$ cat my_file18.cif   # mmCIF, C-alpha atoms and all ligand atoms
data_query
#
loop_
_atom_site.group_PDB
_atom_site.id
_atom_site.type_symbol
_atom_site.label_atom_id
_atom_site.label_comp_id
_atom_site.auth_asym_id
_atom_site.auth_seq_id
_atom_site.Cartn_x
_atom_site.Cartn_y
_atom_site.Cartn_z
ATOM 1 C CA MET A 291 0.000 0.000 0.000
ATOM 2 C CA LEU A 292 1.375 3.381 -0.972
ATOM 3 C CA THR A 293 1.369 5.928 1.785
ATOM 4 C CA LYS A 294 1.700 9.629 1.401
ATOM 5 C CA THR A 295 4.693 11.027 3.230
ATOM 6 C CA ASP A 296 3.185 14.398 3.987
ATOM 7 C CA GLU A 297 6.341 16.089 5.192
ATOM 8 C CA ALA A 298 8.107 15.280 1.909
ATOM 9 C CA ALA A 299 5.284 16.383 -0.381
ATOM 10 C CA PRO A 300 5.659 19.952 -1.693
ATOM 11 C CA THR A 301 2.617 22.088 -0.965
ATOM 12 C CA ASP A 302 3.117 24.788 -3.604
ATOM 13 C CA GLY A 303 3.543 22.422 -6.542
ATOM 14 C CA PRO A 304 0.838 21.618 -9.098
ATOM 15 C CA LYS A 305 -2.069 19.623 -7.683
ATOM 16 C CA HIS A 306 -3.373 18.566 -11.089
ATOM 17 C CA VAL A 307 -0.861 17.560 -13.743
ATOM 18 C CA ALA A 308 -2.036 16.559 -17.219
ATOM 19 C CA ILE A 309 0.336 14.786 -19.587
ATOM 20 C CA ILE A 310 0.327 14.385 -23.356
ATOM 21 C CA MET A 311 2.285 11.128 -23.503
ATOM 22 C CA ASP A 312 3.946 11.515 -26.898
ATOM 23 C CA GLY A 313 6.911 9.878 -28.626
ATOM 24 C CA ASN A 314 6.263 6.133 -28.266
ATOM 25 C CA GLY A 315 6.499 5.564 -32.017
ATOM 26 C CA ARG A 316 9.798 7.418 -32.429
ATOM 27 C CA TRP A 317 11.232 5.671 -29.368
ATOM 28 C CA ALA A 318 10.510 2.290 -30.969
ATOM 29 C CA GLN A 319 11.631 3.325 -34.452
ATOM 30 C CA SER A 320 14.997 4.536 -33.147
ATOM 31 C CA ARG A 321 15.501 0.975 -31.875
ATOM 32 C CA GLY A 322 14.450 -0.622 -35.144
ATOM 33 C CA LYS A 323 11.263 -1.951 -33.520
ATOM 34 C CA PRO A 324 7.592 -1.706 -34.517
ATOM 35 C CA ARG A 325 5.594 1.223 -33.121
ATOM 36 C CA LEU A 326 3.602 -1.053 -30.815
ATOM 37 C CA PHE A 327 6.819 -1.947 -29.008
ATOM 38 C CA GLY A 328 7.014 1.724 -28.034
ATOM 39 C CA HIS A 329 3.407 1.766 -26.878
ATOM 40 C CA SER A 330 4.073 -1.212 -24.583
ATOM 41 C CA ALA A 331 7.118 0.530 -23.112
ATOM 42 C CA GLY A 332 5.044 3.687 -22.685
ATOM 43 C CA ALA A 333 2.291 1.800 -20.870
ATOM 44 C CA ARG A 334 4.835 0.442 -18.382
ATOM 45 C CA ARG A 335 5.919 4.003 -17.550
ATOM 46 C CA VAL A 336 2.418 5.008 -16.501
ATOM 47 C CA ARG A 337 2.537 2.896 -13.361
ATOM 48 C CA GLN A 338 5.812 4.496 -12.175
ATOM 49 C CA ILE A 339 4.521 7.992 -12.854
ATOM 50 C CA VAL A 340 1.215 7.542 -11.042
ATOM 51 C CA GLU A 341 2.981 5.898 -8.101
ATOM 52 C CA ALA A 342 5.376 8.857 -7.866
ATOM 53 C CA CYS A 343 2.478 11.317 -7.522
ATOM 54 C CA PRO A 344 1.837 11.206 -3.738
ATOM 55 C CA ASP A 345 5.413 12.116 -2.809
ATOM 56 C CA LEU A 346 5.443 14.872 -5.426
ATOM 57 C CA GLY A 347 2.258 16.394 -4.035
ATOM 58 C CA VAL A 348 0.257 15.593 -7.181
ATOM 59 C CA LYS A 349 -3.324 14.661 -6.322
ATOM 60 C CA TYR A 350 -4.735 14.555 -9.859
ATOM 61 C CA LEU A 351 -2.968 13.017 -12.841
ATOM 62 C CA THR A 352 -4.647 13.110 -16.240
ATOM 63 C CA ILE A 353 -3.025 11.274 -19.133
ATOM 64 C CA PHE A 354 -3.768 11.398 -22.854
ATOM 65 C CA ALA A 355 -3.806 7.800 -24.102
ATOM 66 C CA PHE A 356 -5.757 7.959 -27.382
ATOM 67 C CA SER A 357 -7.198 10.950 -29.219
ATOM 68 C CA THR A 358 -10.285 11.241 -31.399
ATOM 69 C CA GLU A 359 -7.791 11.789 -34.238
ATOM 70 C CA ASN A 360 -5.712 8.662 -33.537
ATOM 71 C CA TRP A 361 -8.212 6.506 -35.493
ATOM 72 C CA LYS A 362 -6.405 7.819 -38.583
ATOM 73 C CA ARG A 363 -3.485 5.472 -37.831
ATOM 74 C CA THR A 364 -3.124 2.050 -39.457
ATOM 75 C CA GLN A 365 -5.599 -0.635 -38.478
ATOM 76 C CA THR A 366 -2.694 -2.633 -37.019
ATOM 77 C CA GLU A 367 -1.623 0.180 -34.707
ATOM 78 C CA VAL A 368 -5.170 1.052 -33.605
ATOM 79 C CA ALA A 369 -6.072 -2.595 -32.926
ATOM 80 C CA GLY A 370 -2.764 -3.091 -31.094
ATOM 81 C CA LEU A 371 -3.417 -0.067 -28.903
ATOM 82 C CA MET A 372 -6.966 -1.196 -28.086
ATOM 83 C CA LEU A 373 -5.659 -4.632 -27.099
ATOM 84 C CA LEU A 374 -2.937 -2.993 -25.013
ATOM 85 C CA PHE A 375 -5.550 -0.921 -23.118
ATOM 86 C CA ARG A 376 -7.547 -4.071 -22.333
ATOM 87 C CA ARG A 377 -4.502 -6.022 -21.184
ATOM 88 C CA TYR A 378 -3.281 -3.054 -19.175
ATOM 89 C CA ILE A 379 -6.528 -2.759 -17.229
ATOM 90 C CA GLN A 380 -6.633 -6.504 -16.555
ATOM 91 C CA LYS A 381 -3.026 -6.572 -15.390
ATOM 92 C CA GLU A 382 -3.012 -3.395 -13.285
ATOM 93 C CA THR A 383 -6.414 -3.420 -11.572
ATOM 94 C CA LYS A 384 -5.287 -5.192 -8.410
ATOM 95 C CA ASP A 385 -2.311 -2.868 -7.810
ATOM 96 C CA LEU A 386 -4.349 0.238 -8.610
ATOM 97 C CA ILE A 387 -6.890 -0.755 -5.960
ATOM 98 C CA GLU A 388 -4.182 -1.547 -3.386
ATOM 99 C CA ASN A 389 -2.215 1.626 -4.105
ATOM 100 C CA GLY A 390 -5.147 3.938 -3.470
ATOM 101 C CA ILE A 391 -5.493 5.113 -7.089
ATOM 102 C CA ARG A 392 -8.942 6.173 -8.225
ATOM 103 C CA VAL A 393 -9.259 5.738 -11.986
ATOM 104 C CA ARG A 394 -11.646 7.608 -14.261
ATOM 105 C CA PHE A 395 -11.928 7.700 -18.039
ATOM 106 C CA ILE A 396 -12.824 10.705 -20.167
ATOM 107 C CA GLY A 397 -13.630 10.704 -23.870
ATOM 108 C CA ASP A 398 -16.389 9.227 -25.998
ATOM 109 C CA ARG A 399 -16.958 5.545 -25.275
ATOM 110 C CA ILE A 400 -19.382 5.038 -28.180
ATOM 111 C CA LYS A 401 -16.688 4.125 -30.712
ATOM 112 C CA LEU A 402 -14.799 1.826 -28.349
ATOM 113 C CA ASP A 403 -15.047 -1.963 -28.261
ATOM 114 C CA LYS A 404 -17.726 -3.184 -25.835
ATOM 115 C CA LYS A 405 -15.292 -5.466 -24.000
ATOM 116 C CA LEU A 406 -12.915 -2.570 -23.427
ATOM 117 C CA VAL A 407 -15.749 -0.333 -22.199
ATOM 118 C CA ALA A 408 -16.869 -3.047 -19.770
ATOM 119 C CA LEU A 409 -13.336 -3.199 -18.332
ATOM 120 C CA MET A 410 -13.198 0.603 -18.064
ATOM 121 C CA ASP A 411 -16.544 0.724 -16.226
ATOM 122 C CA GLU A 412 -15.416 -2.027 -13.874
ATOM 123 C CA LEU A 413 -12.075 -0.325 -13.119
ATOM 124 C CA GLU A 414 -13.891 2.921 -12.309
ATOM 125 C CA ARG A 415 -16.254 1.022 -10.042
ATOM 126 C CA VAL A 416 -13.652 -0.979 -8.096
ATOM 127 C CA THR A 417 -11.399 2.033 -7.505
ATOM 128 C CA ALA A 418 -14.234 4.451 -6.671
ATOM 129 C CA HIS A 419 -13.481 4.386 -2.932
ATOM 130 C CA ASN A 420 -9.803 5.329 -3.451
ATOM 131 C CA ASP A 421 -8.588 8.874 -2.799
ATOM 132 C CA LEU A 422 -4.772 8.979 -2.686
ATOM 133 C CA VAL A 423 -4.338 9.846 -6.375
ATOM 134 C CA HIS A 424 -7.073 10.543 -8.910
ATOM 135 C CA MET A 425 -5.875 9.250 -12.265
ATOM 136 C CA THR A 426 -7.923 10.154 -15.310
ATOM 137 C CA VAL A 427 -7.241 8.433 -18.619
ATOM 138 C CA ALA A 428 -8.299 10.254 -21.777
ATOM 139 C CA LEU A 429 -9.297 7.536 -24.238
ATOM 140 C CA ASN A 430 -10.941 8.419 -27.552
ATOM 141 C CA TYR A 431 -10.785 11.932 -26.166
ATOM 142 C CA GLY A 432 -10.803 15.208 -28.084
ATOM 143 C CA GLY A 433 -11.329 18.618 -26.504
ATOM 144 C CA ARG A 434 -13.605 19.823 -29.313
ATOM 145 C CA ASP A 435 -15.546 16.565 -29.288
ATOM 146 C CA GLU A 436 -16.010 16.872 -25.524
ATOM 147 C CA VAL A 437 -17.364 20.439 -25.797
ATOM 148 C CA ALA A 438 -19.650 19.389 -28.671
ATOM 149 C CA ARG A 439 -21.025 16.422 -26.674
ATOM 150 C CA ALA A 440 -21.491 18.644 -23.614
ATOM 151 C CA THR A 441 -23.321 21.257 -25.691
ATOM 152 C CA LYS A 442 -25.605 18.594 -27.134
ATOM 153 C CA ARG A 443 -26.655 17.422 -23.666
ATOM 154 C CA LEU A 444 -27.053 21.000 -22.486
ATOM 155 C CA ALA A 445 -29.230 21.804 -25.530
ATOM 156 C CA GLN A 446 -31.381 18.761 -24.748
ATOM 157 C CA GLU A 447 -32.009 20.089 -21.231
ATOM 158 C CA VAL A 448 -33.037 23.438 -22.701
ATOM 159 C CA ALA A 449 -35.334 21.675 -25.183
ATOM 160 C CA ASP A 450 -36.864 19.681 -22.317
ATOM 161 C CA GLY A 451 -37.499 22.891 -20.370
ATOM 162 C CA LYS A 452 -35.137 21.877 -17.534
ATOM 163 C CA LEU A 453 -32.711 24.703 -18.230
ATOM 164 C CA SER A 454 -33.275 28.259 -19.390
ATOM 165 C CA PRO A 455 -30.934 29.732 -22.056
ATOM 166 C CA ASP A 456 -30.521 32.718 -19.697
ATOM 167 C CA ASP A 457 -28.930 30.421 -17.122
ATOM 168 C CA VAL A 458 -26.230 29.116 -19.465
ATOM 169 C CA ASP A 459 -22.818 30.393 -18.434
ATOM 170 C CA GLU A 460 -19.267 28.992 -18.080
ATOM 171 C CA GLU A 461 -20.130 27.140 -14.886
ATOM 172 C CA THR A 462 -23.173 25.515 -16.513
ATOM 173 C CA LEU A 463 -21.204 24.256 -19.506
ATOM 174 C CA THR A 464 -18.442 22.975 -17.213
ATOM 175 C CA ARG A 465 -21.002 20.740 -15.495
ATOM 176 C CA PHE A 466 -21.680 18.919 -18.767
ATOM 177 C CA LEU A 467 -18.025 18.183 -19.569
ATOM 178 C CA ASP A 468 -16.458 14.739 -19.056
ATOM 179 C CA THR A 469 -14.176 16.386 -16.490
ATOM 180 C CA CYS A 470 -17.029 17.874 -14.410
ATOM 181 C CA VAL A 471 -15.726 16.434 -11.130
ATOM 182 C CA LEU A 472 -12.078 17.417 -11.707
ATOM 183 C CA PRO A 473 -10.256 20.680 -11.002
ATOM 184 C CA ASP A 474 -8.606 22.368 -14.001
ATOM 185 C CA PRO A 475 -5.037 21.219 -14.655
ATOM 186 C CA ASP A 476 -2.357 23.450 -13.121
ATOM 187 C CA LEU A 477 0.331 22.118 -15.409
ATOM 188 C CA VAL A 478 0.209 20.391 -18.799
ATOM 189 C CA ILE A 479 3.337 18.488 -19.831
ATOM 190 C CA ARG A 480 3.965 17.270 -23.370
ATOM 191 C CA THR A 481 6.824 14.917 -24.065
ATOM 192 C CA SER A 482 8.722 14.300 -27.341
ATOM 193 C CA GLY A 483 9.547 17.881 -28.336
ATOM 194 C CA GLU A 484 6.276 18.781 -30.068
ATOM 195 C CA ALA A 485 4.908 22.139 -28.913
ATOM 196 C CA ARG A 486 1.194 21.737 -29.581
ATOM 197 C CA ILE A 487 -1.921 20.718 -27.643
ATOM 198 C CA SER A 488 -3.384 18.278 -30.205
ATOM 199 C CA ASN A 489 -6.961 18.804 -28.977
ATOM 200 C CA PHE A 490 -6.239 17.970 -25.301
ATOM 201 C CA LEU A 491 -8.304 19.607 -22.518
ATOM 202 C CA LEU A 492 -8.952 22.741 -24.564
ATOM 203 C CA TRP A 493 -11.526 24.231 -22.201
ATOM 204 C CA GLN A 494 -9.886 23.097 -18.955
ATOM 205 C CA SER A 495 -6.357 24.300 -19.754
ATOM 206 C CA ALA A 496 -7.361 27.922 -20.409
ATOM 207 C CA TYR A 497 -5.061 29.040 -17.564
ATOM 208 C CA SER A 498 -2.741 26.041 -17.210
ATOM 209 C CA GLU A 499 1.007 26.354 -17.301
ATOM 210 C CA TYR A 500 2.664 24.399 -20.115
ATOM 211 C CA GLU A 501 5.908 22.476 -20.226
ATOM 212 C CA PHE A 502 7.137 21.004 -23.499
ATOM 213 C CA ILE A 503 10.075 18.669 -23.020
ATOM 214 C CA ASP A 504 12.202 16.704 -25.505
ATOM 215 C CA THR A 505 12.155 13.402 -23.564
ATOM 216 C CA LEU A 506 10.190 10.676 -25.361
ATOM 217 C CA TRP A 507 7.382 9.224 -23.241
ATOM 218 C CA PRO A 508 8.993 5.766 -22.664
ATOM 219 C CA ASP A 509 12.039 7.615 -21.240
ATOM 220 C CA PHE A 510 9.923 9.788 -18.903
ATOM 221 C CA THR A 511 11.083 8.496 -15.523
ATOM 222 C CA PRO A 512 9.874 9.678 -12.097
ATOM 223 C CA GLU A 513 13.201 11.597 -11.886
ATOM 224 C CA VAL A 514 12.386 13.522 -15.073
ATOM 225 C CA PHE A 515 8.864 14.100 -13.721
ATOM 226 C CA ALA A 516 10.247 15.484 -10.440
ATOM 227 C CA LYS A 517 12.573 17.817 -12.348
ATOM 228 C CA VAL A 518 9.734 19.217 -14.457
ATOM 229 C CA LEU A 519 7.654 19.800 -11.327
ATOM 230 C CA ALA A 520 10.556 21.533 -9.585
ATOM 231 C CA GLY A 521 10.733 23.972 -12.520
ATOM 232 C CA TYR A 522 7.053 24.823 -12.026
ATOM 233 C CA GLY A 523 7.684 26.108 -8.494
ATOM 234 C CA GLY A 524 9.047 29.470 -9.609
ATOM 235 C CA ARG A 525 6.156 30.392 -11.843
ATOM 236 C CA GLU A 526 3.801 33.222 -11.044
ATOM 237 C CA ARG A 527 0.225 32.497 -12.032
ATOM 238 C CA ARG A 528 -1.665 35.717 -12.556
ATOM 239 C CA PHE A 529 -5.016 34.648 -14.019
ATOM 240 C CA GLY A 530 -5.264 38.020 -15.723
ATOM 241 C CA ALA A 531 -4.628 40.124 -12.613
ATOM 242 C CA VAL A 532 -1.716 42.469 -11.920
ATOM 243 C CA PRO A 533 0.655 40.918 -9.366
ATOM 244 C CA ALA A 534 0.548 42.529 -5.919
HETATM 245 C C1 LIG A 601 1.909 8.757 -28.303
HETATM 246 O O1 LIG A 601 2.996 8.316 -29.031
HETATM 247 C C2 LIG A 601 0.913 7.659 -28.048
HETATM 248 C C3 LIG A 601 -0.338 7.771 -28.821
HETATM 249 C C4 LIG A 601 -0.674 8.783 -29.570
HETATM 250 C C5 LIG A 601 -1.269 6.655 -28.726
HETATM 251 P P1 LIG A 601 2.993 8.373 -30.618
HETATM 252 O O2 LIG A 601 2.477 7.076 -31.143
HETATM 253 O O3 LIG A 601 2.276 9.557 -31.119
HETATM 254 O O4 LIG A 601 4.544 8.486 -30.930
HETATM 255 P P2 LIG A 601 5.222 9.348 -32.067
HETATM 256 O O5 LIG A 601 4.744 10.758 -31.913
HETATM 257 O O6 LIG A 601 4.796 8.758 -33.373
HETATM 258 O O7 LIG A 601 6.679 9.204 -31.816
HETATM 259 C C1 LIG A 602 -1.471 13.287 -29.054
HETATM 260 O O1 LIG A 602 -0.369 12.753 -29.701
HETATM 261 C C2 LIG A 602 -2.382 12.198 -28.600
HETATM 262 C C3 LIG A 602 -1.863 11.353 -27.527
HETATM 263 C C4 LIG A 602 -0.744 11.507 -26.892
HETATM 264 C C5 LIG A 602 -2.730 10.259 -27.158
HETATM 265 P P1 LIG A 602 -0.334 12.614 -31.290
HETATM 266 O O2 LIG A 602 0.987 12.017 -31.634
HETATM 267 O O3 LIG A 602 -1.535 11.899 -31.778
HETATM 268 O O4 LIG A 602 -0.417 14.127 -31.768
HETATM 269 P P2 LIG A 602 -0.029 14.794 -33.165
HETATM 270 O O5 LIG A 602 -0.721 14.012 -34.237
HETATM 271 O O6 LIG A 602 1.454 14.690 -33.299
HETATM 272 O O7 LIG A 602 -0.479 16.201 -33.041
HETATM 273 MG MG MG A 603 2.847 11.430 -31.555
#

$ encode --input "my_file18.cif" --output "structure tokens"
Amino acid sequence: MLTKTDEAAPTDGPKHVAIIMDGNGRWAQSRGKPRLFGHSAGARRVRQIVEACPDLGVKYLTIFAFSTENWKRTQTEVAGLMLLFRRYIQKETKDLIENGIRVRFIGDRIKLDKKLVALMDELERVTAHNDLVHMTVALNYGGRDEVARATKRLAQEVADGKLSPDDVDEETLTRFLDTCVLPDPDLVIRTSGEARISNFLLWQSAYSEYEFIDTLWPDFTPEVFAKVLAGYGGRERRFGAVPA
């Protein structure tokens, strides 16, 4: 059982860290291996990173695993990734429960295989009582898709007379998002040297800090993670105000 060593955990660090786990394909290709080899190595990293969270003072970890645009990849890669997600859940469930990790999934489940969705639902259910780290996995997730789905549900409530158009504001829309129970990310990290958001948490990251690092995701160790978080400490977040 993981325990949180309170005295060691920094209090001024980011509470919610979101990560665009990029670079698995290049990591594999540089070793002359198929892309799926990189995805397997990347999946193994996730466990170390989530387990490092309590000591680093990170309460919420959100990771981008598969985007609404990733269906454009070859059938072999997509099918391999879907199988990897299923195997990962089956293999990790016991440790996630024991380590106090609460798992949630965001993204549209409609396009996902029924067996995978059943495993996702079950993992959410069996970890629902955990509270040490809240890990959210973005799977078939796109920020625009999420806002569109939220708007559709909101419009339905208006059509049904449950909600007045006059009452629609930022807070109302936020309630319809997949992330409705989560705080906004304080820090978004992207690995692999690309400096773009690729449709990740568009609404939620309006005021997040960003860190783009060259490390490829399978090389992203807890030490690299700690170093990135240490760099965050000196930042001044203004949220539009003039500093005192
Ligand atoms: C990120 O690694 C994982 C997914 C998008 C599923 P990539 O597969 O994008 O790796 P690169 O960017 O091709 O190296
Ligand atoms: C973003 O990475 C999606 C995930 C990490 C799951 P991509 O590799 O798909 O992003 P682009 O295509 O380079 O923008
Ligand atoms: Mg990529």

$ atom_distance --input "my_file18.cif" --atom1 "atom CA of A:Val448" --atom2 "atom CA of A:Leu429"
28.6 Å

$ resolve_selection --input "my_file18.cif" --expression "the PyMOL selection byres (((not hetatm)) within 12 of (chain A and resi 603))" --output "PyMOL selection string"
chain A and resi 310-318+325+328-329+332+354-357+359-360+363+480-488+506-507

$ closest_residue --input "my_file18.cif" --among "A:Val427, A:Leu467, A:Leu422, A:Met410" --to "A:Arg439" --atoms "all atoms listed in the file"
A:Leu467

$ resolve_selection --input "my_file18.cif" --expression "the PyMOL selection byres (((chain A and resi 390) around 9) and not hetatm)" --output "PyMOL selection string"
chain A and resi 291-293+385-389+391-392+417+419-424

$ atom_distance --input "my_file18.cif" --atom1 "atom CA of A:Leu472" --atom2 "atom O7 of ligand LIG 602 (chain A)"
24.3 Å

$ axis_aligned_box --input "my_file18.cif" --around "ligand LIG 601 (chain A)" --padding-each-side "6 Å" --output "AutoDock Vina command-line options"
--center_x 2.7 --center_y 8.7 --center_z -30.7 --size_x 19.9 --size_y 16.1 --size_z 17.3

$ resolve_selection --input "my_file18.cif" --expression "the PyMOL selection byres (((chain A and resi 522-529) around 9) and not hetatm)" --output "list in words"
Asp302, Gly303, Pro304, Leu477, Tyr497, Ser498, Glu499, Glu501, Lys517, Val518, Leu519, Ala520, Gly521, Gly530, Ala531, Val532 and Pro533 of chain A

$ closest_residue --input "my_file18.cif" --among "A:Thr469, A:Thr505, A:Gln446, A:Thr352" --to "ligand LIG 601 (chain A)" --atoms "all atoms listed in the file"
A:Thr505

$ closest_residue --input "my_file18.cif" --among "A:Met372, A:Ile353, A:Val348, A:Leu492" --to "ligand LIG 602 (chain A)" --atoms "only C-alpha atoms and all ligand atoms"
A:Ile353

$ closest_residue --input "my_file18.cif" --among "A:Ala516, A:Leu444, A:Ile379, A:Leu326" --to "A:Gly347" --atoms "only C-alpha atoms"
A:Ala516

$ atom_distance --input "my_file18.cif" --atom1 "atom CA of A:Tyr350" --atom2 "atom CA of A:Val471"
11.2 Å

$ residues_around --input "my_file18.cif" --residues "A:Ala445" --least-positions-apart "6" --cutoff "10 Å" --atoms "all atoms listed in the file" --output "list of chain:residue names"
A:Arg439, A:Gly451, A:Lys452, A:Leu453, A:Ser454, A:Pro455, A:Val458

$ write_last_selection --input "my_file18.cif" --atoms "C-alpha atoms" --output "PDB file, in the coordinates of the input"
ATOM      1  CA  ARG A 439     -21.025  16.422 -26.674  1.00  0.00           C
ATOM      2  CA  GLY A 451     -37.499  22.891 -20.370  1.00  0.00           C
ATOM      3  CA  LYS A 452     -35.137  21.877 -17.534  1.00  0.00           C
ATOM      4  CA  LEU A 453     -32.711  24.703 -18.230  1.00  0.00           C
ATOM      5  CA  SER A 454     -33.275  28.259 -19.390  1.00  0.00           C
ATOM      6  CA  PRO A 455     -30.934  29.732 -22.056  1.00  0.00           C
ATOM      7  CA  VAL A 458     -26.230  29.116 -19.465  1.00  0.00           C
TER       8      VAL A 458
END
